[in-house]
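Undergrad: Dropping a structure here in structure tokens format, bear with me for questions.
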Amino acid sequence: GPLDADEAGRLALASDPSGAVFGIWQAADGAAAGVTGRPGTPAWNELTTFETTNVAKFYETVFGYDEDAVVSADLDYVTLRLDGRPVTGVHGLGNALPRDQGPYWTTYFTVADTDDAVDQVLHLGGQVLGGPRDTEHGRVATVADPEGARFALVRKTG
């Protein structure tokens, strides 16, 4: 791309320096703003990669994000913010990230009930990769569709 997506806008696919593939979307003038907080809508995006320092700088430069790093000897994590609002996370796993898998993005989708959504994934031929489990952000499960594309489900609390 960039490619036109009918009357909705334009899109492009790219990869960052670590090899993680991501998409860029530009809504057409007058198109509805992104809907959030309702079942089926994206709640969060998170990059799992080898390390955060260089790749976070890439996204900061391309999209104008500000970096909010977790200072910890045990965790390599950066939250990227735009106008003070958290927009995505970057999680560095170092050598714990399998080389054959490489860096990848996970989109977390809002659901009304995580356990029911997991049952639907299984019923439709998908698989559960992790969870469901309770976290500080809500009840989360990592799943894959029948073709193996991974994503996460989250029922937000509060």
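Ordering of the structure tokens sets the chain letters (A, B, ...); residue numbers start at 1 within each chain; ligands are numbered from 1 in the order shown.
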Can you tell me, as a PyMOL selection string, which residues in chain A count as alpha helix (DSSP H) by DSSP?

TA: chain A and resi 53-63+114-123

Undergrad: How close does region 97-120 of chain A get to region 135-149 of chain A? List, as JSON lines, each residue of region 97-120 of chain A within 10 Å, its nearest atom pair and the distance in Å to one decimal, counting only C-alpha atoms.

TA:
```
{"residue": "A:Thr106", "atom": "CA", "partner": "A:Thr142", "partner_atom": "CA", "distance": 8.9}
{"residue": "A:Thr107", "atom": "CA", "partner": "A:Thr142", "partner_atom": "CA", "distance": 9.7}
{"residue": "A:Tyr108", "atom": "CA", "partner": "A:Thr142", "partner_atom": "CA", "distance": 8.5}
{"residue": "A:Phe109", "atom": "CA", "partner": "A:Val140", "partner_atom": "CA", "distance": 9.6}
{"residue": "A:Thr110", "atom": "CA", "partner": "A:Val140", "partner_atom": "CA", "distance": 9.6}
{"residue": "A:Val111", "atom": "CA", "partner": "A:Arg139", "partner_atom": "CA", "distance": 9.6}
{"residue": "A:Asp113", "atom": "CA", "partner": "A:Arg139", "partner_atom": "CA", "distance": 8.4}
{"residue": "A:Thr114", "atom": "CA", "partner": "A:Arg139", "partner_atom": "CA", "distance": 6.3}
{"residue": "A:Asp115", "atom": "CA", "partner": "A:Ala141", "partner_atom": "CA", "distance": 8.3}
{"residue": "A:Ala117", "atom": "CA", "partner": "A:Ala141", "partner_atom": "CA", "distance": 9.1}
{"residue": "A:Val118", "atom": "CA", "partner": "A:Ala141", "partner_atom": "CA", "distance": 7.4}
```

Undergrad: Could those residues be written to a file, using C-alpha atoms, as a short mmCIF file (atom, residue, chain, number, x, y, z; two decimals), in the first residue's frame?

TA:
```cif
data_model
loop_
_atom_site.label_atom_id
_atom_site.label_comp_id
_atom_site.auth_asym_id
_atom_site.auth_seq_id
_atom_site.Cartn_x
_atom_site.Cartn_y
_atom_site.Cartn_z
CA THR A 106 -1.66 -9.11 19.71
CA THR A 107 -4.99 -7.27 19.56
CA TYR A 108 -7.20 -7.56 22.63
CA PHE A 109 -10.92 -7.49 21.79
CA THR A 110 -13.57 -6.45 24.30
CA VAL A 111 -16.11 -9.18 25.11
CA ASP A 113 -18.02 -12.57 28.95
CA THR A 114 -14.54 -14.03 28.42
CA ASP A 115 -15.50 -17.61 29.24
CA ALA A 117 -16.29 -16.03 24.12
CA VAL A 118 -13.69 -18.79 24.65
#
```

Undergrad: Taking the DSSP secondary structure from the backbone, can you list the residues of chain A that are strand (DSSP E or B), as JSON, numbers by chain?

TA: {"A": [3, 4, 5, 9, 10, 11, 12, 13, 14, 15, 21, 22, 23, 24, 25, 26, 27, 42, 43, 44, 45, 46, 47, 48, 49, 66, 67, 68, 69, 76, 77, 78, 79, 80, 81, 82, 85, 86, 87, 88, 89, 90, 91, 92, 104, 105, 106, 107, 108, 109, 110, 127, 128, 129, 130, 131, 132, 133, 134, 135, 138, 139, 140, 141, 142, 143, 144, 150, 151, 152, 153, 154, 155]}

Undergrad: Near Val87 (chain A), within 12 Å and counting only C-alpha atoms, which residues show up once chain neighbours fewer than 4 positions away are dropped, as a VMD selection string?

TA: chain A and resid 42 to 47 59 to 60 63 to 68 78 to 83 107

Undergrad: Using only C-alpha atoms, find the one residue out of A:Leu93, A:Val62, A:Thr48, A:Gly102 that sits nearest to Ala14 (chain A).

TA: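 Nearest candidate to Ala14 (chain A) out of A:Leu93, A:Val62, A:Thr48, A:Gly102: A:Val62.
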
Undergrad: Excluding Leu3 (chain A) and residues on its chain fewer than 2 positions from it, collect all residues at most 10 Å away from it, counting only C-alpha atoms, and give them as a list in words.

TA: Gly1, Ala5, Asp6, Gly9, Arg10, Leu11, Ala12, Leu13 and Trp25 of chain A

Undergrad: How many Å separate CA of Gly126 (chain A) from CA of Arg150 (chain A)?

TA: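 For CA of Gly126 (chain A) relative to CA of Arg150 (chain A), the distance reads 9.5 Å.
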
Undergrad: What does the distance between CA of Asp74 (chain A) and CA of Pro132 (chain A) come to in Å, to one decimal place?

TA: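 We find that CA of Asp74 (chain A) and CA of Pro132 (chain A) lie 23.9 Å from each other.
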
Undergrad: By how many Å are CA of Gly131 (chain A) and CA of Asp16 (chain A) apart?

TA: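 Taking CA of Gly131 (chain A) as the start and CA of Asp16 (chain A) as the end point, the length is 28.5 Å.
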
Undergrad: Could you check which of A:Gly37, A:Gly89, A:Pro17, A:Gly94 is closest to Phe50 (chain A), using only C-alpha atoms?

TA: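 Among the listed residues, A:Gly94 lies closest to Phe50 (chain A).
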